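In what follows, a structure is listed as structure tokens, so that the remarks can point back to it.
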Amino acid sequence: MTTTTDPSASAPAQAHDVLFRATGVKKHYPGVKALDGVDLEGYAGEVLAVCGANGAGKSTFAKLLAGVQPLTEGEIQIAGFPHPVRNAAEAEQAGVLMMFQEPLIIDDFTVGENVWLYKLREGRDIRPWATKVDANSDETRQVLAKVGLGGLRTSQLARDLGPGQRQMLSLSRAEVTTHKIMILDETTASTSEEHFNDILDLVKREREAGTHIMFVSHRLNEVFAMSDRIAVLRNGLLVDVLKTSETNPDEIATLMIGQALKALDRPKPAQTEGKQPLVSVRDLHGGTAAGVSFDVFPGEVVGLYGLVGSGRSSVGRTITGQKKAASGTIEIRGEQVQLNSPGAALEKSVVYLTEDRRLEGFVKDFDNGENMSLVVLPKWSKGGVIDSKKERSRVRELISEFQVKGGPKTYTSSLSGGNQQKVVIAKWLESDPDFVVLDEPTKGIDVGARANIYEIIHSVAARDKGVLVISSEAEELLSLCHRILVMRNGQIVAEFDPAEADTDDLIRTALTHQD
Amino acid sequence: MTATATAPAPAAPPEARQGSPVLDWLKSQYALYILVALLLVATITRGSIFWGGTNLTNLLLQMSIIGVVTLAELIVVLTGGIDISVGSALGLAAVIAAGLFGGPSVFLGLVVAIIIGGIVGAVNGWLVAFRGLEPFIVTLGMLALARGLVYAYGNGIPINPTAASSYATLGQTTIIGIPLLAIIWLVMVALIAFLLYRTVWGRRVYAIGSNIEAARSSGIPVKTTLWSVYILAGLLVGLGGWMFLGRFASGTSTAGNLLELEAIAAVVIGGARLSGGYGKVFGAVVGTIIFAVIANLLSLLNVSTFLQDAFRGALILVAVTLATIQFSRKRRTTAPAAK
Amino acid sequence: MTATATAPAPAAPPEARQGSPVLDWLKSQYALYILVALLLVATITRGSIFWGGTNLTNLLLQMSIIGVVTLAELIVVLTGGIDISVGSALGLAAVIAAGLFGGPSVFLGLVVAIIIGGIVGAVNGWLVAFRGLEPFIVTLGMLALARGLVYAYGNGIPINPTAASSYATLGQTTIIGIPLLAIIWLVMVALIAFLLYRTVWGRRVYAIGSNIEAARSSGIPVKTTLWSVYILAGLLVGLGGWMFLGRFASGTSTAGNLLELEAIAAVVIGGARLSGGYGKVFGAVVGTIIFAVIANLLSLLNVSTFLQDAFRGALILVAVTLATIQFSRKRRTTAPAAK
Amino acid sequence: QIYPSSTPAQGPAGGVQPDVSKVVIGFAQQQLQAPYFAAMQVQSEDIAKQKGFKLLFQAANKDPAIQLNQMQAMMAQGANVLVVNATSVKGQKEMMTQVASKIPVIYIDTGVPGTGTTSVSSDNLTIGRESGKLTAKRFLGLGKKSIKMVILTGPATDEFVGPNRRQGFLDGLKEGGLAYEIKGEQSGDYAQDKGQVAAENMLAANPDTDLVLGLNDSMALGGYNVVNGQEKYKNVYVAASADGQKEALALIKSGGCDGRYISTGLNSPSLAAEQALGIAVDIATGAKKPSDFPAESFTKAVGIGCDNIDEYYDPKSIF
Ligand SMILES: Nc1ncnc2c1ncn2[C@@H]1O[C@H](COP(=O)(O)OP(=O)(O)OP(=O)(O)O)[C@@H](O)[C@H]1O
Ligand SMILES: Nc1ncnc2c1ncn2[C@@H]1O[C@H](COP(=O)(O)OP(=O)(O)OP(=O)(O)O)[C@@H](O)[C@H]1O
Ligand SMILES: O[C@@H]1[C@H](O)[C@H](O)CO[C@H]1O
Ligand SMILES: [Mg+2]
Ligand SMILES: [Mg+2]
């Protein structure tokens with residue numbers, strides 16, 4: 001809290017002071033009513049969770065509040081600011097700090113410079129000719145440590161960070177700005193359990209200081225662990241606002257998707273006896289993976305659990321040709337393979353669904369149809385010429401199968417985060433792979449659609465294919481997998497049968513002796 | 001978390017599309033407006049001459065070579081690259097096609113020109129795709145190299161092929177009133193449009209230009225596709241060199257000089273994005289026509305040589321500014337406000 | 001998920017870094033290697049002449065004007081833009097500074113040149129920043145417009161300022177053996193380096209070039225910053241125009257012709273990324289020197305004019321290819337494997 | 001101060017050379033973009049080989065800045081005398097004063113008045129006039145007393161050469177008794193392809209044109225391509241003010257006195273190169289002093305038409 005841009009910010013906010021008031025807020029994109037008349041208030045010293053299915057308008061509302069998008073109708077007043085904010089600079093002056101679902105990171109800046117990004121904002125005290133702040137100071141390092149990034153060098157390029165680290169890096173800005181309202185849009189979606197604790201700490205401190213925290217998440221357990229009130233959005237409308245203490249996850253889920261959810265059964269054990277392994281990995285090195293061996297059998301869904309940086313993605317990328325292995329062997333159906341590129345892997349029907357949707361997930365200038373067909377296009381063509389009729393009809397089927405909120409001609413980049421993820425999953429599963437690695441597949445996906453995707457994953461396995469699911473949510477793996485491997489420091493340290501393990505087992509194993 | 005919806009998935013919302021597609025399309029065609037405005041100016045100032053058969057034939061001829069080169073530039077720009085060697089490469093193809101074995105036949109010339117263009121493209125493409133070099137610097141080197149070879153090949157003196165008169169005839173041939181060279185251009189337009197819009201290759205070109213990481217991790221053969229793009233561009237440029245011979249019946253050492261600027265300009269004014277991933281064949285064609293009409297019109301109006309460049313420049317600035325006024329006014333309400 | 005691990009958050013993975021920062025830096029300076037190799041060749045082939053005082057003075061003079069223009073290009077390229085009007089704008093600044101009121105004084109000329117450059121930059125920048133137009137097409141229009149105005153201003157005939165001899169003196173002045181023009185260049189290098197590396201403005205420039213959406217959403221004043229970049233570039237180009245007068249004592253109508261290509265090339269070979277967000281002043285300086293040394297060397301070696309272009313082109317291609325062999329071999333093992 | 005003096009050098013740089021084989025001559029050509037210039041280089045290299053001196057040859061892409069760099073590099077390499085085809089008549093005054101203070105400068109084709117030792121060029125006004133007279137004669141012979149014409153000019157940067165050729169040609173028409181009306185004037189950049197496009201446009205705008213004039217043969221040849229074989233342009237003729245380029249002479253010869261390509265003016269790159277290099281060698285070897293030469297001398301100036309074509313047409317010449 002180093003700057004004070006607004007006099008009222010220095011006066012301690014009283015609990016239950018209204019910090020923002022949205023009245024009749026509408027946001028229409030061409031052809032889409034993202035928000036269609038929302039009235040909502042936020043109070044000082046509370047955590048307001050915003051829930052809703054993918055595409056319900058949560059991120060849109062947050063962006064309006066933060067001034068990065070103009071409203072179509074209605075207004076948002078922020079306490080102490082004389083008029084409704086019109087842009088990001090004004091929102092900053094009014095004291096709004098937003099953590100975007102796709103974090104605002106300048107790739108060509110160092111980690112330290114990204115912490116201090118707000119220092120480049122326009123404002124009375126920041127003249128263009130002023131010298132820039134020292135981004136490698138001790139203060140910077142302390143701030144990074146607070147968000148669990150103490151191990152990063154301040155002078156390292158942000159380009160090299162993974163999705164989880166990017167989220168936490170953007171969160172570090174909360175430590176160096178003055179704000180009255182802090183918005184966390186799925187900040188936890190690509191982070192794992194241990195980072196959640198950092199976030200919890202931060203939120204606690206902020207809350208005690210009188211900040212209003214808006215928390216958007218599809219992880220209902222986090223919502224219940226953190227929030228005071230829950231606002232539920234559905235199709236751009238505010239359905240209800242409930243006190244957290246007076247409701248339960250089932251009720252919220254029902255409000256979100258318009259129907260009740262029923263508990264998902266644990267998967268039936270896979271029939272693997274007597275079968276040849278589909279994939280055998282032996283003593284694999286590459287990236288942070290340091291000597292990994294395991295098998296995946298046909299019909300099996302195997303989970304890979306571990307902390308961020310434990311080497312799961314390295315394993316996933318290396319066995320699917322996304323990265324080259326430094327050493328070790330990979331066999332597919334008993335045949336040793338050298339997968340030197342994603343293309344070579346694809347020829348062997350081995351694919352990898354990235355955890356980095358922003359960078360590798362989809363093509364930003366493509367519409368949903370084009371993105372979904374990117375991998376399978378050769379199959380939908382004759383002599384290199386695309387069979388457009390086939391493409392069109394199949395894409396339409398995929399869109400409804402994966403419950404994507406948007407048409408075949410909608411640009412994927414204009415979808416909500418969760419819907420983008422569905423498009424990416426559809427793209428890969430449509431290629432009908434023999435072996436698929438899904439890295440954080442349900443990141444940002446709402447509870448309803450999540451169940452649907454689990455079903456799809458099982459139907460893939462049921463066709464005698466192999467699935468490896470990498471996830472930071474222990475509970476997800478427990479409910480989805482036949483077998484769970486736990487990684488630590490680049491090695492597989494344990495194997496669990498989900499029927500006989502719980503989340504604590506997994507977390508404890510992942511944490512022990514981590515250095 | 002461990003829950004499953006009992007009811008079928010909620011229906012997807014109606015397809016998010018704004019109004020009629022034709023209207024949409026029209027709204028974004030600002031190059032087309034520039035062209036229409038130019039044609040209006042032409043009609044008002046020099047209508048009878050401009051629309052006369054002779055001038056239209058001239059115009060078509062003036063467009064066809066640069067038109068083919070612009071197509072080459074377009075496919076490179078779509079990948080996020082740039083090719084500033086197109087002009088020199090065209091010159092090289094023309095000069096060698098005119099000079100090799102004495103340039104005895106138009107057909108042999110075609111083969112030679114296309115091969116030369118293809119080689120230039122293959123070298124450019126190899127360096128860009130397999131050595132990971134910046135397209136700008138690679139094609140800058142090629143620009144100088146190819147032009148230098150043109151000078152060296154004929155010591156700077158034009159090379160007249162033995163078949164000069166056949167070339168001249170070729171350049172003057174018309175089919176139902178349309179010059180053969182223009183027909184070649186239009187066939188190439190159709191071919192490139194087909195490749196870009198209807199084939200797997202075309203889709204890959206766009207994917208690479210838009211997001212090379214995503215393309216790579218989706219299993220697209222990025223390097224070979226990139227290479228093929230530069231080779232195809234080279235082949236088109238080689239064809240352009242041959243067309244140059246057809247039109248001017250002589251391989252001059254300045255053949256194709258500065259064509260790269262015009263080609264890039266046509267591609268960009270046609271709406272393509274220089275960073276790749278976005279651009280249409282139709283736009284490139286409109287861009288080609290725009291610059292040809294500007295040059296033609298300034299000539300027809302007999303604007304003084306001293307003022308031609310100033311007029312051309314002012315025209316470009318005014319045109320692009322006006323054409324986007326509507327566009328940006330609209331944008332101002334929807335795009336994030338920024339200072 | 002419902003788990004709240006009791007242990008403290010584990011440290012992030014160990015720092016994945018290779019070696020010392022100095023070594024790292026050296027590894028990425030491939031422009032520097034090209035330069036060193038060139039200097040070696042120069043020393044071996046024409047050492048005594050090349051390193052002679054006269055030639056070094058000449059070299060410095062040859063670099064200083066393009067050096068200043070390259071700085072202008074650099075800041076534009078850093079934003080992800082491009083300015084192909086720098087050469088024409090330099091010509092315009094030179095010609096008007098020479099001609100206005102008869103060009104009575106060197107100092108007045110400086111003011112005029114800088115104002116002209118600033119105006120050109122302001123127009124370019126306004127169209128790019130506030131009207132959202134493609135920098136390429138805007139500056140292409142400006143290229144033609146400014147050059148056209150140069151022609152129109154003097155009907156294509158060079159304009160000799162009344163103070164021609166003072167300009168000539170200025171261009172010849174040396175301070176402790178270093179030409180004044182070169183000192184001006186070096187001062188500008190220091191100034192731009194200071195602005196880019198030490199000020200908030202500089203960081204904003206990089207932020208915009210790297211990720212304009214993030215910059216905008218972070219509250220960075222994108223439009224005014226962009227505008228200021230083009231204006232500053234214009235001022236530098238104007239200064240370059242005045243230096244041109246100092247060097248040639250005449251506002252020729254070809255002043256600055258094709259300088260844009262050289263400036264972009266210097267910026268790119270110096271390691272800047274044309275899509276913005278990455279590039280160093282040091283690199284741009286090395287790039288400037290590389291192209292000046294190549295031209296000087298080819299002259300000193302008296303390479304046949306017919307072959308000069310071919311040599312220059314081949315040299316560029318070979319240099320960038322060789323310089324990246326190490327680089328890409330390394331990359332191949334760490335970068336994503338691709339076909 | 002790099003060039004302390006502004007008086008022209010009175011002897012060869014590096015002193016008088018005892019022998020032609022020790023002589024180094026720098027030839028700073030303005031550009032190579034037209035065949036005329038390229039031919040001059042080839043000629044010069046032949047002459048250097050014959051006479052045995054060393055020739056440094058560079059071309060400047062019509063850019064004074066590049067030309068200065070090249071001249072400096074030549075001096076650094078020990079050139080005794082420079083032969084310069086200037087890139088800008090007016091724009092290089094100070095620059096050439098400086099250079100000429102260190103080394104004798106012989107201009108060829110284009111000079112910078114008031115600087116250097118001497119200048120060897122064709123008299124553009126006269127060759128234009130002679131060609132104009134031949135063209136006038138032809139039209140009068142066709143029974144026309146007045147014509148409509150379009151002109152293909154050089155680029156906007158053409159300071160003296162083109163305007164003189166233009167003026168000379170028009171004077172020649174008048175002297176020859178032919179009235180004319182100029183319907184259009186567009187730049188063909190002295191190049192054949194650009195000339196062809198400009199001619200196309202002007203003829204489309206003025207279909208009743210009688211004559212396409214090119215200020216050099218390259219452009220006129222482009223104009224010829226437009227009218228040749230086109231029924232609608234069967235009454236359009238072509239002429240040039242200058243050069244006597246081989247291809248143009250071939251057309252004059254083959255068409256005879258009814259040909260479409262009427263005339264041109266002699267502007268021989270070899271004559272100029274021979275004369276200029278001769279002077280340069282004389283100065284370098286001390287056979288003559290810079291002060292022995294007049295400020296300007298002209299090469300032979302004639303018009304070439306169907307009557308005297310055989311004197312000038314040589315199918316084996318390079319230009
Ligand atoms: N730039 C845009 N252009 C067009 N439509 C958009 C744009 N941004 C968002 N939308 C649409 O607005 C709707 C709401 O999107 P929003 O991102 O607010 O959803 P969300 O609730 O955050 O979903 P998620 O849980 O998937 O993140 C979606 O239908 C989306 O497609
Ligand atoms: N085979 C490989 N060779 C070289 N680098 C690799 C390889 N595989 C992965 N990497 C790189 O290793 C780094 C670490 O990967 P990342 O943090 O995504 O996953 P991880 O360490 O496996 O952790 P997590 O368990 O959180 O997925 C990344 O920069 C990645 O690009
Ligand atoms: O004298 C030369 C030749 O005529 C050439 O063809 C064009 O430029 C002129 O300067
Ligand atoms: Mg969202
Ligand atoms: Mg990971």
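Ligands are numbered from 1 in the order shown, residues from 1 within each chain, and chains are lettered A, B, ... in the order they appear in the structure tokens.
Residue-level contact on chain D: within 7 Å of chain C, counting only C-alpha atoms, the set is Gln1, Ile2, Leu56, Phe57, Gln58, Ala59, Asp63, Asn69, Gln70, Ala73, Met74, Ala76, Gln77, Lys90, Gly91, Gln92, Glu94, Met95, Ala156, Thr157, Asp158 and Glu159 of chain D.
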Exercise. Determine which residues of range 355-400 of chain A receive a DSSP assignment of helix (DSSP H, G or I), computed from the backbone, and state them as number ranges by chain.
Key: A: 357-361, 368-373, 377-380, 388-400
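With CA of Arg166 in chain A on one side and CA of Arg141 in chain A on the other, the separation reads 15.7 Å.
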Enumerate, in order of chain and increasing residue number, the residues of chain B with an atom no farther than 7 Å from chain C, each with its shortest atom pair and distance in Å to one decimal, counting only C-alpha atoms, as CSV.
residue,atom,partner,partner_atom,distance
B:Arg131,CA,C:Ser328,CA,7.0
B:Ile137,CA,C:Ala265,CA,6.3
B:Val138,CA,C:Leu317,CA,6.2
B:Gly141,CA,C:Gly313,CA,4.0
B:Met142,CA,C:Gly313,CA,5.7
B:Leu143,CA,C:Gly313,CA,6.9
B:Ala144,CA,C:Gly313,CA,4.5
B:Leu145,CA,C:Ala310,CA,3.9
B:Ala146,CA,C:Ala310,CA,6.6
B:Arg147,CA,C:Asp309,CA,6.6
B:Gly148,CA,C:Ala310,CA,3.9
B:Leu149,CA,C:Ala310,CA,5.7
B:Tyr151,CA,C:Phe306,CA,5.2
B:Ala152,CA,C:Phe306,CA,4.9
B:Asn155,CA,C:Phe306,CA,6.3
B:Arg216,CA,C:Ala338,CA,6.4
B:Pro221,CA,C:Lys339,CA,5.0
B:Val222,CA,C:Lys339,CA,6.3
B:Lys223,CA,C:Lys339,CA,5.9
B:Ala265,CA,C:Ile137,CA,6.3
B:Val268,CA,C:Ile137,CA,6.8
B:Ile269,CA,C:Ile137,CA,6.8
B:Ser275,CA,C:Ser275,CA,6.7
B:Phe306,CA,C:Ala152,CA,5.1
B:Leu307,CA,C:Gly148,CA,5.7
B:Gln308,CA,C:Gly148,CA,6.6
B:Asp309,CA,C:Gly148,CA,4.3
B:Ala310,CA,C:Gly148,CA,3.8
B:Phe311,CA,C:Leu145,CA,6.8
B:Arg312,CA,C:Ala144,CA,6.4
B:Gly313,CA,C:Leu145,CA,4.1
B:Ala314,CA,C:Leu145,CA,5.7
B:Ile316,CA,C:Gly141,CA,5.2
B:Leu317,CA,C:Gly141,CA,5.4
B:Ser328,CA,C:Arg131,CA,6.8
B:Ala338,CA,C:Arg216,CA,6.4
B:Lys339,CA,C:Pro221,CA,5.0
Can you write out the residues you just picked, keeping N, CA and C atoms, as a short mmCIF file (atom, residue, chain, number, x, y, z; two decimals), in the first residue's frame?
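File produced: result15.cif:
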data_model
loop_
_atom_site.label_atom_id
_atom_site.label_comp_id
_atom_site.auth_asym_id
_atom_site.auth_seq_id
_atom_site.Cartn_x
_atom_site.Cartn_y
_atom_site.Cartn_z
N ARG B 131 15.60 -22.42 -40.09
CA ARG B 131 16.63 -21.77 -39.29
C ARG B 131 16.05 -20.73 -38.34
N ILE B 137 14.62 -9.87 -42.42
CA ILE B 137 16.06 -9.76 -42.67
C ILE B 137 16.47 -10.76 -43.76
N VAL B 138 15.84 -11.93 -43.75
CA VAL B 138 16.14 -12.92 -44.79
C VAL B 138 15.78 -12.37 -46.16
N GLY B 141 18.05 -9.64 -47.38
CA GLY B 141 19.26 -10.19 -47.98
C GLY B 141 18.97 -10.68 -49.39
N MET B 142 17.85 -11.37 -49.54
CA MET B 142 17.49 -11.91 -50.85
C MET B 142 17.19 -10.79 -51.85
N LEU B 143 16.58 -9.72 -51.34
CA LEU B 143 16.29 -8.55 -52.19
C LEU B 143 17.59 -8.07 -52.83
N ALA B 144 18.62 -7.90 -52.02
CA ALA B 144 19.89 -7.40 -52.54
C ALA B 144 20.55 -8.45 -53.43
N LEU B 145 20.51 -9.69 -52.96
CA LEU B 145 21.17 -10.75 -53.72
C LEU B 145 20.55 -10.91 -55.11
N ALA B 146 19.25 -11.01 -55.15
CA ALA B 146 18.59 -11.24 -56.43
C ALA B 146 18.80 -10.05 -57.37
N ARG B 147 18.66 -8.85 -56.83
CA ARG B 147 18.87 -7.68 -57.69
C ARG B 147 20.31 -7.65 -58.18
N GLY B 148 21.22 -7.99 -57.30
CA GLY B 148 22.62 -8.02 -57.70
C GLY B 148 22.86 -9.03 -58.81
N LEU B 149 22.21 -10.18 -58.70
CA LEU B 149 22.37 -11.19 -59.74
C LEU B 149 21.77 -10.69 -61.05
N TYR B 151 21.78 -7.58 -62.09
CA TYR B 151 22.78 -6.70 -62.67
C TYR B 151 23.94 -7.51 -63.23
N ALA B 152 24.37 -8.49 -62.45
CA ALA B 152 25.53 -9.25 -62.87
C ALA B 152 25.24 -10.07 -64.12
N ASN B 155 25.07 -7.46 -66.94
CA ASN B 155 25.85 -6.23 -66.79
C ASN B 155 24.95 -4.99 -66.81
N ARG B 216 1.54 -25.54 -33.54
CA ARG B 216 2.56 -26.56 -33.33
C ARG B 216 2.04 -27.63 -32.40
N PRO B 221 2.34 -29.56 -39.00
CA PRO B 221 3.76 -29.49 -39.39
C PRO B 221 4.14 -28.06 -39.73
N VAL B 222 4.46 -27.31 -38.71
CA VAL B 222 4.66 -25.87 -38.87
C VAL B 222 5.76 -25.55 -39.87
N LYS B 223 6.89 -26.23 -39.72
CA LYS B 223 8.02 -25.86 -40.55
C LYS B 223 7.78 -26.16 -42.03
N ALA B 265 1.61 -3.04 -49.54
CA ALA B 265 0.58 -2.02 -49.36
C ALA B 265 -0.78 -2.56 -49.80
N VAL B 268 -2.09 -4.96 -47.23
CA VAL B 268 -2.50 -4.32 -45.99
C VAL B 268 -3.76 -3.49 -46.17
N ILE B 269 -3.83 -2.73 -47.26
CA ILE B 269 -5.04 -1.92 -47.45
C ILE B 269 -6.23 -2.85 -47.69
N SER B 275 0.77 -8.93 -38.72
CA SER B 275 1.27 -9.90 -37.76
C SER B 275 0.73 -11.30 -38.02
N PHE B 306 5.94 16.30 -60.45
CA PHE B 306 6.36 16.83 -59.16
C PHE B 306 5.29 16.63 -58.10
N LEU B 307 4.05 16.56 -58.53
CA LEU B 307 2.97 16.47 -57.55
C LEU B 307 2.41 15.07 -57.39
N GLN B 308 2.78 14.17 -58.32
CA GLN B 308 2.18 12.83 -58.30
C GLN B 308 2.31 12.15 -56.95
N ASP B 309 3.52 12.13 -56.44
CA ASP B 309 3.74 11.41 -55.18
C ASP B 309 2.94 12.04 -54.05
N ALA B 310 2.94 13.37 -54.02
CA ALA B 310 2.19 14.06 -52.97
C ALA B 310 0.72 13.69 -53.06
N PHE B 311 0.18 13.68 -54.28
CA PHE B 311 -1.22 13.33 -54.45
C PHE B 311 -1.49 11.90 -54.01
N ARG B 312 -0.62 11.02 -54.46
CA ARG B 312 -0.83 9.62 -54.13
C ARG B 312 -0.83 9.44 -52.60
N GLY B 313 0.15 10.06 -51.96
CA GLY B 313 0.26 9.94 -50.51
C GLY B 313 -0.96 10.51 -49.81
N ALA B 314 -1.35 11.71 -50.21
CA ALA B 314 -2.49 12.35 -49.56
C ALA B 314 -3.73 11.49 -49.76
N ILE B 316 -3.95 8.27 -50.18
CA ILE B 316 -3.93 7.09 -49.32
C ILE B 316 -4.34 7.48 -47.90
N LEU B 317 -3.74 8.55 -47.40
CA LEU B 317 -4.04 8.95 -46.03
C LEU B 317 -5.51 9.31 -45.86
N SER B 328 -14.44 3.28 -36.65
CA SER B 328 -13.88 3.54 -35.32
C SER B 328 -14.87 4.25 -34.43
N ALA B 338 -9.78 3.76 -23.79
CA ALA B 338 -8.39 3.96 -23.39
C ALA B 338 -7.99 5.34 -23.79
N LYS B 339 -7.05 5.86 -23.11
CA LYS B 339 -6.66 7.23 -23.37
C LYS B 339 -5.48 7.30 -24.30
#
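Minimum atom-to-atom distances from B:Val200, B:Ala233, B:Leu40, B:Leu186 to chain A were compared using only C-alpha atoms, and the lowest value belongs to B:Val200.
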Practice problem: Tell me, as a PyMOL selection string, which residues lie within 8 Å of range 272-277 of chain D, counting only C-alpha atoms; anything in the same chain fewer than 4 positions away does not count. | Solution: chain D and resi 40+43-44+47+83+106-109+119-122+268+281+299
For those residues, write N, CA, C and O atoms to a file as a tab-separated table (two decimals), in the first residue's frame.
chain	number	residue	atom	x	y	z
D	40	MET	N	28.36	2.38	-69.85
D	40	MET	CA	29.52	3.21	-69.55
D	40	MET	C	30.52	2.45	-68.68
D	40	MET	O	31.73	2.56	-68.86
D	43	GLN	N	32.34	-0.13	-70.86
D	43	GLN	CA	33.31	0.58	-71.70
D	43	GLN	C	34.55	0.95	-70.90
D	43	GLN	O	35.68	0.76	-71.35
D	44	SER	N	34.30	1.53	-69.72
D	44	SER	CA	35.41	2.02	-68.91
D	44	SER	C	36.34	0.89	-68.52
D	44	SER	O	37.57	1.06	-68.52
D	47	ILE	N	38.51	0.12	-71.41
D	47	ILE	CA	39.55	1.14	-71.60
D	47	ILE	C	40.67	0.95	-70.58
D	47	ILE	O	41.85	1.03	-70.92
D	83	VAL	N	36.70	10.25	-61.72
D	83	VAL	CA	35.75	10.55	-62.78
D	83	VAL	C	34.38	10.40	-62.14
D	83	VAL	O	34.08	9.36	-61.55
D	106	ILE	N	36.95	14.86	-62.68
D	106	ILE	CA	36.49	15.01	-64.06
D	106	ILE	C	35.04	14.54	-64.11
D	106	ILE	O	34.76	13.38	-63.81
D	107	TYR	N	34.14	15.42	-64.48
D	107	TYR	CA	32.74	14.99	-64.56
D	107	TYR	C	32.46	14.34	-65.90
D	107	TYR	O	33.04	14.71	-66.93
D	108	ILE	N	31.55	13.42	-65.84
D	108	ILE	CA	31.11	12.78	-67.08
D	108	ILE	C	29.59	12.74	-67.05
D	108	ILE	O	29.00	12.53	-65.99
D	109	ASP	N	28.95	13.01	-68.16
D	109	ASP	CA	27.49	13.00	-68.29
D	109	ASP	C	26.82	14.11	-67.48
D	109	ASP	O	26.19	15.00	-68.02
D	119	SER	N	34.41	19.01	-67.31
D	119	SER	CA	33.22	18.19	-67.45
D	119	SER	C	33.06	17.74	-68.88
D	119	SER	O	33.18	18.55	-69.81
D	120	VAL	N	32.87	16.47	-69.07
D	120	VAL	CA	32.67	15.91	-70.41
D	120	VAL	C	31.25	15.39	-70.49
D	120	VAL	O	30.86	14.51	-69.74
D	121	SER	N	30.45	15.97	-71.37
D	121	SER	CA	29.07	15.47	-71.46
D	121	SER	C	28.57	15.68	-72.86
D	121	SER	O	29.18	16.36	-73.68
D	122	SER	N	27.44	15.08	-73.12
D	122	SER	CA	26.82	15.37	-74.40
D	122	SER	C	26.03	16.65	-74.21
D	122	SER	O	25.57	16.96	-73.11
D	268	SER	N	26.57	9.08	-76.63
D	268	SER	CA	27.26	7.80	-76.58
D	268	SER	C	28.02	7.63	-75.28
D	268	SER	O	28.89	8.43	-74.96
D	281	VAL	N	43.74	10.15	-67.12
D	281	VAL	CA	45.08	9.55	-67.21
D	281	VAL	C	46.12	10.63	-67.46
D	281	VAL	O	47.20	10.63	-66.84
D	299	THR	N	30.68	16.06	-76.08
D	299	THR	CA	30.92	15.03	-77.10
D	299	THR	C	30.12	15.39	-78.34
D	299	THR	O	29.27	16.28	-78.31
Quiz item: Could you write out, as an MDAnalysis selection string, all the residues of range 114-255 of chain C that DSSP marks as strand (DSSP E)?
Solution: chainID C and resid 174:175 178:179
Exercise. Give the residue list for ligand 5 at 12 Å, counting only C-alpha atoms and all ligand atoms, as a PyMOL selection string, sorted by chain and then by residue number.
Key: (chain A and resi 161-165+190-192+287-289+304-317+353-357+437-441+443+469-473+487+490) or (chain C and resi 13)
Self-check item: Env. residues ligand 4 / 8 Å / only C-alpha atoms and all ligand atoms / as a list in words
Solution: Asn54, Gly55, Gly57, Lys58, Ser59, Thr60, Gln101, Asp185, Glu186, Val216, Ser416, Gly417, Gly418 and Gly444 of chain A
